[in-house]
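Source file: work23.csv (CSV, C-alpha atoms)
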```
chain,number,residue,atom,x,y,z
A,66,MET,CA,-47.9,23.1,51.0
A,67,ASN,CA,-50.5,24.3,53.5
A,68,LEU,CA,-53.3,22.0,54.7
A,69,MET,CA,-55.9,24.0,52.6
A,70,SER,CA,-54.1,23.1,49.4
A,71,ARG,CA,-53.7,19.4,50.0
A,72,TYR,CA,-55.9,17.4,47.6
A,73,GLU,CA,-56.1,14.2,45.7
A,74,VAL,CA,-57.3,13.7,42.1
A,75,VAL,CA,-59.4,10.6,41.3
A,76,GLY,CA,-61.2,9.9,38.1
A,77,ASP,CA,-62.6,7.6,35.4
A,78,TRP,CA,-61.2,8.2,32.0
A,79,GLY,CA,-63.4,6.2,29.7
A,80,THR,CA,-63.8,5.8,25.9
A,81,SER,CA,-66.3,8.7,25.5
A,82,ARG,CA,-65.7,10.9,28.5
A,83,LEU,CA,-63.4,12.0,31.3
A,84,ARG,CA,-64.6,12.6,34.9
A,85,LEU,CA,-62.1,13.9,37.4
A,86,PHE,CA,-62.8,14.8,41.0
A,87,ARG,CA,-60.7,16.9,43.4
A,88,VAL,CA,-60.9,15.4,46.8
A,89,GLU,CA,-60.0,17.2,50.0
A,90,GLN,CA,-60.2,15.5,53.4
A,91,GLY,CA,-62.4,12.9,52.0
A,92,ARG,CA,-64.9,15.3,50.3
A,93,VAL,CA,-65.3,16.1,46.6
A,94,THR,CA,-64.6,19.8,46.3
A,95,ALA,CA,-64.4,20.2,42.5
A,96,ARG,CA,-65.1,18.3,39.4
A,97,HIS,CA,-63.9,18.4,35.8
A,98,ASP,CA,-65.7,16.7,32.8
A,99,GLY,CA,-64.0,16.4,29.4
A,100,PRO,CA,-63.7,14.2,26.3
A,101,GLY,CA,-62.8,10.5,26.4
A,102,ILE,CA,-59.4,9.0,25.9
A,103,GLY,CA,-59.9,8.7,22.1
A,104,ALA,CA,-60.0,12.5,21.8
A,105,ALA,CA,-56.5,12.7,23.3
A,106,ALA,CA,-55.1,11.3,20.1
A,107,GLY,CA,-52.1,9.7,21.8
A,108,GLN,CA,-51.4,12.7,24.0
A,109,ALA,CA,-53.1,11.5,27.1
A,110,GLU,CA,-50.5,12.9,29.5
A,111,ALA,CA,-50.8,16.4,28.0
A,112,ALA,CA,-54.6,16.2,28.0
A,113,PHE,CA,-54.6,15.2,31.7
A,114,ALA,CA,-52.3,18.1,32.6
A,115,ALA,CA,-54.6,20.5,30.7
A,116,ALA,CA,-57.7,19.1,32.4
A,117,ILE,CA,-56.3,19.7,35.9
A,118,GLY,CA,-54.4,22.9,34.9
A,119,PRO,CA,-56.4,25.2,37.2
A,120,TRP,CA,-55.8,22.9,40.2
A,121,LEU,CA,-52.1,22.6,39.3
A,122,GLU,CA,-51.7,26.4,39.4
A,123,GLU,CA,-52.6,26.3,43.1
A,124,ALA,CA,-50.6,23.2,44.0
A,125,ALA,CA,-49.7,19.7,42.8
A,126,PRO,CA,-52.0,16.9,44.1
A,127,THR,CA,-50.7,14.6,46.8
A,128,GLN,CA,-51.7,11.6,44.7
A,129,ILE,CA,-53.7,10.6,41.5
A,130,ARG,CA,-55.8,7.5,41.0
A,131,LEU,CA,-57.5,6.8,37.7
A,132,CYS,CA,-59.5,3.9,36.2
A,133,GLY,CA,-60.8,3.2,32.8
A,134,MET,CA,-59.2,3.6,29.4
A,135,ALA,CA,-56.4,5.6,30.9
A,136,GLY,CA,-54.8,2.2,31.4
A,137,ALA,CA,-55.5,0.9,27.9
A,138,ARG,CA,-52.8,0.2,25.4
A,139,ASP,CA,-53.5,3.4,23.6
A,140,GLY,CA,-54.2,5.4,26.9
A,141,TRP,CA,-51.7,7.1,29.2
A,142,VAL,CA,-49.8,4.1,30.8
A,143,GLU,CA,-51.0,0.6,30.1
A,144,ALA,CA,-52.3,-1.3,33.1
A,145,PRO,CA,-52.7,-5.1,33.2
A,146,TYR,CA,-55.9,-7.1,33.5
A,147,ALA,CA,-56.7,-9.1,36.6
A,148,ASP,CA,-58.1,-12.4,35.7
A,149,CYS,CA,-61.6,-13.5,36.9
A,150,PRO,CA,-62.6,-14.6,39.4
A,151,ALA,CA,-61.2,-11.5,41.1
A,152,ASP,CA,-61.8,-9.9,44.4
A,153,VAL,CA,-60.9,-6.4,45.6
A,154,ALA,CA,-57.4,-7.4,46.8
A,155,ALA,CA,-56.5,-9.1,43.5
A,156,TRP,CA,-57.7,-6.2,41.4
A,157,ARG,CA,-56.0,-3.6,43.6
A,158,ALA,CA,-52.7,-5.5,43.5
A,159,ALA,CA,-52.7,-5.4,39.7
A,160,ALA,CA,-52.6,-1.6,39.5
A,161,THR,CA,-49.8,0.1,37.6
A,162,ARG,CA,-48.0,2.7,39.7
A,163,PHE,CA,-45.6,5.4,38.7
A,164,ALA,CA,-44.6,9.0,39.5
A,165,TRP,CA,-45.8,12.0,37.4
A,166,ARG,CA,-44.1,15.3,38.2
A,167,GLY,CA,-43.2,13.8,41.5
A,168,VAL,CA,-46.8,12.8,42.3
A,169,PRO,CA,-47.7,9.1,43.0
A,170,VAL,CA,-50.1,7.8,40.3
A,171,ALA,CA,-52.1,4.6,40.3
A,172,ILE,CA,-53.9,3.5,37.2
A,173,MET,CA,-56.2,0.7,38.1
A,174,ALA,CA,-56.2,-2.7,36.3
A,175,GLY,CA,-59.1,-3.9,34.2
A,176,LEU,CA,-60.7,-7.4,34.5
A,177,ALA,CA,-60.5,-10.2,32.0
A,178,CYS,CA,-62.4,-13.5,31.7
A,179,THR,CA,-63.1,-16.2,29.1
A,180,GLY,CA,-66.7,-16.6,27.9
A,181,ALA,CA,-68.6,-19.9,27.6
A,182,ASN,CA,-67.9,-19.7,23.9
A,183,GLY,CA,-64.1,-19.6,24.5
A,184,ALA,CA,-63.7,-16.0,23.4
A,185,PRO,CA,-61.9,-13.6,25.8
A,186,ASP,CA,-63.7,-10.6,27.3
A,187,VAL,CA,-62.3,-7.5,29.1
A,188,MET,CA,-63.5,-4.4,31.0
A,189,ARG,CA,-61.8,-1.2,32.1
A,190,GLY,CA,-63.6,1.1,34.5
A,191,GLU,CA,-66.7,-0.8,35.2
A,192,GLU,CA,-64.8,-3.0,37.7
A,193,THR,CA,-64.2,0.1,39.8
A,194,GLN,CA,-67.9,0.8,39.9
A,195,ILE,CA,-68.6,-2.9,40.9
A,196,PHE,CA,-66.1,-2.9,43.7
A,197,GLY,CA,-67.3,0.6,44.7
A,198,ALA,CA,-70.9,-0.6,44.9
A,199,MET,CA,-69.8,-3.4,47.3
A,200,ALA,CA,-67.8,-0.9,49.4
A,201,ARG,CA,-70.9,1.3,49.7
A,202,ASP,CA,-73.2,-1.7,50.5
A,203,PRO,CA,-71.4,-4.8,51.8
A,204,ALA,CA,-74.5,-6.8,51.4
A,205,LEU,CA,-73.8,-6.8,47.6
A,206,GLY,CA,-70.7,-8.9,48.4
A,207,GLN,CA,-72.9,-11.7,49.6
A,208,GLY,CA,-74.7,-14.3,47.4
A,209,ARG,CA,-74.9,-14.3,43.7
A,210,ARG,CA,-75.6,-10.9,42.1
A,211,LEU,CA,-76.0,-9.7,38.5
A,212,ILE,CA,-74.6,-6.2,38.1
A,213,VAL,CA,-75.4,-4.5,34.8
A,214,LEU,CA,-73.4,-1.5,33.7
A,215,PRO,CA,-75.0,0.2,30.6
A,216,GLY,CA,-72.8,2.3,28.4
A,217,THR,CA,-70.9,2.2,25.2
A,218,HIS,CA,-70.0,-1.4,25.8
A,219,ASN,CA,-72.5,-2.8,28.3
A,220,LYS,CA,-71.3,-5.2,30.9
A,221,TRP,CA,-73.3,-8.0,32.6
A,222,ALA,CA,-71.2,-9.1,35.5
A,223,VAL,CA,-71.8,-12.0,37.8
A,224,VAL,CA,-70.6,-11.3,41.4
A,225,GLU,CA,-70.4,-14.2,43.8
A,226,ASP,CA,-69.6,-13.6,47.4
A,227,GLY,CA,-67.6,-10.5,46.7
A,228,ARG,CA,-65.7,-11.7,43.6
A,229,VAL,CA,-66.4,-10.9,40.0
A,230,SER,CA,-66.6,-14.4,38.6
A,231,SER,CA,-67.5,-13.7,35.0
A,232,PHE,CA,-69.0,-11.1,32.7
A,233,ARG,CA,-70.3,-10.5,29.2
A,234,THR,CA,-69.9,-7.4,27.1
A,235,MET,CA,-72.6,-6.2,24.7
A,236,PRO,CA,-71.5,-3.3,22.4
A,237,THR,CA,-75.1,-2.1,22.3
A,238,GLY,CA,-74.3,1.6,23.0
A,239,GLU,CA,-71.8,1.7,20.2
A,240,LEU,CA,-74.1,-0.1,17.8
A,241,PHE,CA,-76.9,2.3,18.6
A,242,ALA,CA,-74.8,5.3,18.0
A,243,LEU,CA,-73.6,4.0,14.6
A,244,LEU,CA,-77.1,3.1,13.5
A,245,ARG,CA,-78.6,6.4,14.7
A,246,ASP,CA,-75.9,8.7,13.4
A,247,ARG,CA,-74.2,6.9,10.4
A,248,SER,CA,-76.8,4.7,8.8
A,249,THR,CA,-80.0,5.1,6.7
A,250,LEU,CA,-82.0,3.6,9.6
A,251,GLY,CA,-81.5,6.5,12.0
A,252,ALA,CA,-82.4,10.1,11.6
A,253,GLN,CA,-81.4,13.2,13.6
A,254,ALA,CA,-84.4,15.0,15.2
A,255,ASP,CA,-84.6,18.7,15.1
A,256,ARG,CA,-85.6,18.9,18.7
A,257,PRO,CA,-86.2,16.2,21.4
A,258,ASP,CA,-89.7,14.8,21.8
A,259,PRO,CA,-89.6,12.5,24.8
A,260,ALA,CA,-93.1,11.2,24.3
A,261,ARG,CA,-92.5,10.1,20.7
A,262,GLU,CA,-89.2,8.6,21.7
A,263,ALA,CA,-90.8,6.7,24.5
A,264,GLN,CA,-93.4,5.3,22.1
A,265,GLY,CA,-90.7,4.1,19.8
A,266,PHE,CA,-88.8,2.5,22.6
A,267,ALA,CA,-91.9,0.6,23.7
A,268,GLU,CA,-92.5,-0.6,20.2
A,269,GLY,CA,-88.8,-1.6,19.8
A,270,LEU,CA,-89.0,-3.7,23.0
A,271,ALA,CA,-92.1,-5.4,21.7
A,272,ARG,CA,-90.5,-6.1,18.3
A,273,ALA,CA,-87.4,-7.6,20.1
A,274,GLN,CA,-89.6,-10.3,21.6
A,275,GLU,CA,-90.2,-11.6,18.1
A,276,GLY,CA,-86.6,-12.7,17.9
A,277,ARG,CA,-85.9,-11.3,14.4
A,278,PRO,CA,-83.5,-8.4,15.1
A,279,LEU,CA,-82.1,-8.0,11.6
A,280,SER,CA,-85.4,-7.8,9.7
A,281,SER,CA,-86.8,-5.7,12.6
A,282,LEU,CA,-84.1,-3.1,12.2
A,283,PHE,CA,-85.3,-2.0,8.8
A,284,ALA,CA,-88.6,-0.9,10.3
A,285,ALA,CA,-86.8,2.1,11.8
A,286,ARG,CA,-86.6,3.4,8.2
A,287,THR,CA,-89.8,2.1,6.7
A,288,MET,CA,-92.0,3.3,9.5
A,289,ARG,CA,-90.7,6.8,8.8
A,290,LEU,CA,-91.2,6.4,5.0
A,291,ARG,CA,-94.6,4.7,5.0
A,292,ALA,CA,-96.2,5.2,8.4
A,293,GLY,CA,-95.3,8.8,9.1
A,294,ARG,CA,-93.2,8.1,12.2
A,295,PRO,CA,-90.9,10.9,13.2
A,296,ALA,CA,-87.1,10.8,13.8
A,297,GLU,CA,-87.6,10.8,17.5
A,298,TRP,CA,-89.7,7.7,17.3
A,299,ALA,CA,-87.0,6.0,15.2
A,300,ALA,CA,-84.3,6.7,17.7
A,301,GLY,CA,-86.5,5.3,20.5
A,302,TYR,CA,-87.4,2.3,18.4
A,303,LEU,CA,-83.7,1.5,17.6
A,304,SER,CA,-82.9,1.8,21.3
A,305,GLY,CA,-85.7,-0.5,22.4
A,306,LEU,CA,-85.0,-3.1,19.8
A,307,LEU,CA,-81.3,-3.3,20.6
A,308,ILE,CA,-81.8,-3.3,24.4
A,309,GLY,CA,-84.6,-5.9,24.2
A,310,THR,CA,-82.5,-8.1,22.0
A,311,GLU,CA,-79.5,-7.7,24.4
A,312,ILE,CA,-81.6,-8.8,27.3
A,313,ALA,CA,-83.0,-11.8,25.5
A,314,GLU,CA,-79.4,-12.9,24.8
A,315,VAL,CA,-78.5,-12.9,28.5
A,316,ALA,CA,-81.6,-14.7,29.6
A,317,ASP,CA,-79.6,-17.5,31.2
A,318,MET,CA,-77.7,-15.0,33.4
A,319,LEU,CA,-81.0,-13.4,34.5
A,320,GLU,CA,-82.3,-16.8,35.7
A,321,GLN,CA,-79.3,-17.5,37.9
A,322,ALA,CA,-78.9,-14.3,39.9
A,323,ASP,CA,-80.4,-13.6,43.3
A,324,ASP,CA,-81.1,-10.0,42.2
A,325,ILE,CA,-80.2,-7.4,39.5
A,326,TRP,CA,-78.4,-4.1,40.0
A,327,LEU,CA,-77.9,-1.3,37.5
A,328,ILE,CA,-74.9,1.0,37.8
A,329,GLY,CA,-74.4,4.0,35.5
A,330,ASP,CA,-76.0,6.9,33.8
A,331,GLY,CA,-79.5,7.6,35.2
A,332,ARG,CA,-81.3,7.8,31.9
A,333,LEU,CA,-79.7,4.6,30.5
A,334,SER,CA,-80.4,2.8,33.8
A,335,THR,CA,-84.1,3.8,33.6
A,336,LEU,CA,-84.3,2.4,30.0
A,337,TYR,CA,-82.8,-0.9,31.1
A,338,ALA,CA,-85.0,-1.1,34.2
A,339,GLU,CA,-88.1,-0.6,31.9
A,340,ALA,CA,-86.9,-3.3,29.6
A,341,LEU,CA,-86.2,-5.8,32.4
A,342,GLY,CA,-89.6,-4.9,33.9
A,343,ARG,CA,-91.3,-6.0,30.7
A,344,ARG,CA,-89.9,-9.5,31.4
A,345,GLY,CA,-91.2,-9.3,35.0
A,346,LEU,CA,-87.7,-8.6,36.5
A,347,ALA,CA,-87.0,-5.9,39.0
A,348,ALA,CA,-83.7,-4.0,39.1
A,349,GLN,CA,-82.3,-1.6,41.6
A,350,ALA,CA,-80.2,1.4,40.3
A,351,LEU,CA,-77.0,2.8,41.8
A,352,ASP,CA,-75.4,6.1,40.9
A,353,GLY,CA,-72.4,5.5,38.7
A,354,ASP,CA,-70.2,8.4,39.9
A,355,ALA,CA,-70.8,7.5,43.5
A,356,CYS,CA,-69.7,3.9,42.8
A,357,SER,CA,-66.7,5.1,40.9
A,358,LEU,CA,-65.6,7.3,43.7
A,359,ALA,CA,-66.0,4.5,46.3
A,360,GLY,CA,-64.1,2.1,44.1
A,361,LEU,CA,-61.2,4.6,43.6
A,362,GLY,CA,-61.2,5.0,47.3
A,363,LEU,CA,-60.2,1.4,47.6
A,364,SER,CA,-57.3,1.6,45.2
A,365,GLY,CA,-54.5,2.0,47.6
A,366,HIS,CA,-55.8,4.2,50.5
A,367,PRO,CA,-59.2,2.7,51.5
A,368,HIS,CA,-59.1,4.7,54.8
A,369,HIS,CA,-60.0,7.8,52.8
A,370,PRO,CA,-63.8,7.8,52.4
A,371,HIS,CA,-65.1,9.6,49.3
A,372,GLY,CA,-68.4,11.3,49.4
A,373,ASP,CA,-70.9,11.6,46.6
A,374,PRO,CA,-70.1,14.1,43.9
A,375,SER,CA,-71.5,17.5,44.5
```
Will you turn the file into structure tokens for me?
Amino acid sequence: MNLMSRYEVVGDWGTSRLRLFRVEQGRVTARHDGPGIGAAAGQAEAAFAAAIGPWLEEAAPTQIRLCGMAGARDGWVEAPYADCPADVAAWRAAATRFAWRGVPVAIMAGLACTGANGAPDVMRGEETQIFGAMARDPALGQGRRLIVLPGTHNKWAVVEDGRVSSFRTMPTGELFALLRDRSTLGAQADRPDPAREAQGFAEGLARAQEGRPLSSLFAARTMRLRAGRPAEWAAGYLSGLLIGTEIAEVADMLEQADDIWLIGDGRLSTLYAEALGRRGLAAQALDGDACSLAGLGLSGHPHHPHGDPS
């Protein structure tokens, strides 16, 4: 293998999407986006091989590092959970390692904790972004931070002096998708209308402050039937109501943190920043892909810096 064909593959294989990066000499030189682990239908290995097929035609990678649902019980190879409180070293040590077609593979562990109510909680993938954020900005590893990771299953993680001490999961994204797409409360818009969606979002946030989420949900339907509100408004309203209710539920966490950070999709982070702002709280946003890459750079060979995706 010549120097020009030497590359690593790192990626986050989540519930809803796959993000793979080809890394050469510490720089991202190619990217592949695909469906989440659920779409693999139990054939994760074959799906992965197909995803990097064009790269394999040139040469095999020198190593592969993955996080997320690739390590779930119904993923590729099950990886364990590191128990909280967990620092980078404990998380990294819990990775599952094996060889695939002669290539070293590391599938990173998830994190697990027990909530104040005694119920267990888990994450896979988000921990990589948390540790990656601290790698990019070591100041985040000092003090008590609240790191919010919006997505299908939103995570609210407390980080104390570089260790993830606890977290809570809110399945807000999944609930929103179900209500919007598979219930009488939501409706599919013919074409996007950001202004009407923003109006609905603001009204949903305001309604969430009333503390009656179940009765407020039905307004997504009745306001279309009786007040002439369009489908775009209803989607925004559902989003605002659910996010506002979620933030109200974690009010105790908000009061105890030195500051709040958002990691993930830019649009979702903007919505959460707006919702937090309505409560007089400021939040700083970090790019999810950049944090994932930095976290995966820690997963066995931290001397290889990873640049932002391009």
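Among the candidate residues A:Arg82, A:Arg228, A:His218, A:Arg201, the one lying nearest to A:Ala147 is A:Arg228, with distances computed using only C-alpha atoms.
Residues with any atom within 8 Å of stretch 136-140 of chain A, counting only C-alpha atoms and excluding same-chain neighbours fewer than 6 positions away, are Ile102, Gly107, Ala109, Ile172, Met173, Ala174, Gly175 and Arg189 of chain A.
Compared by their closest atoms to A:Cys149, and using all atoms listed in the file, the residues A:Ile195, A:Ala267, A:Leu176, A:Leu358 rank with A:Leu176 nearest.
The space separating atom CA of A:Ala198 from atom CA of A:Lys220 comes to 14.7 Å.
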Using only C-alpha atoms, determine which residues lie at most 7 Å from stretch 126-134 of chain A, disregarding the query and same-chain residues fewer than 5 positions distant; provide the list as a ChimeraX atom specification. /A:71-80,102,140,168-173,189-190,361
Selected residue, from A:Ile308, A:Ser231, A:Phe163, A:Gly362, that lies nearest to A:Val88 when counting only C-alpha atoms: A:Gly362
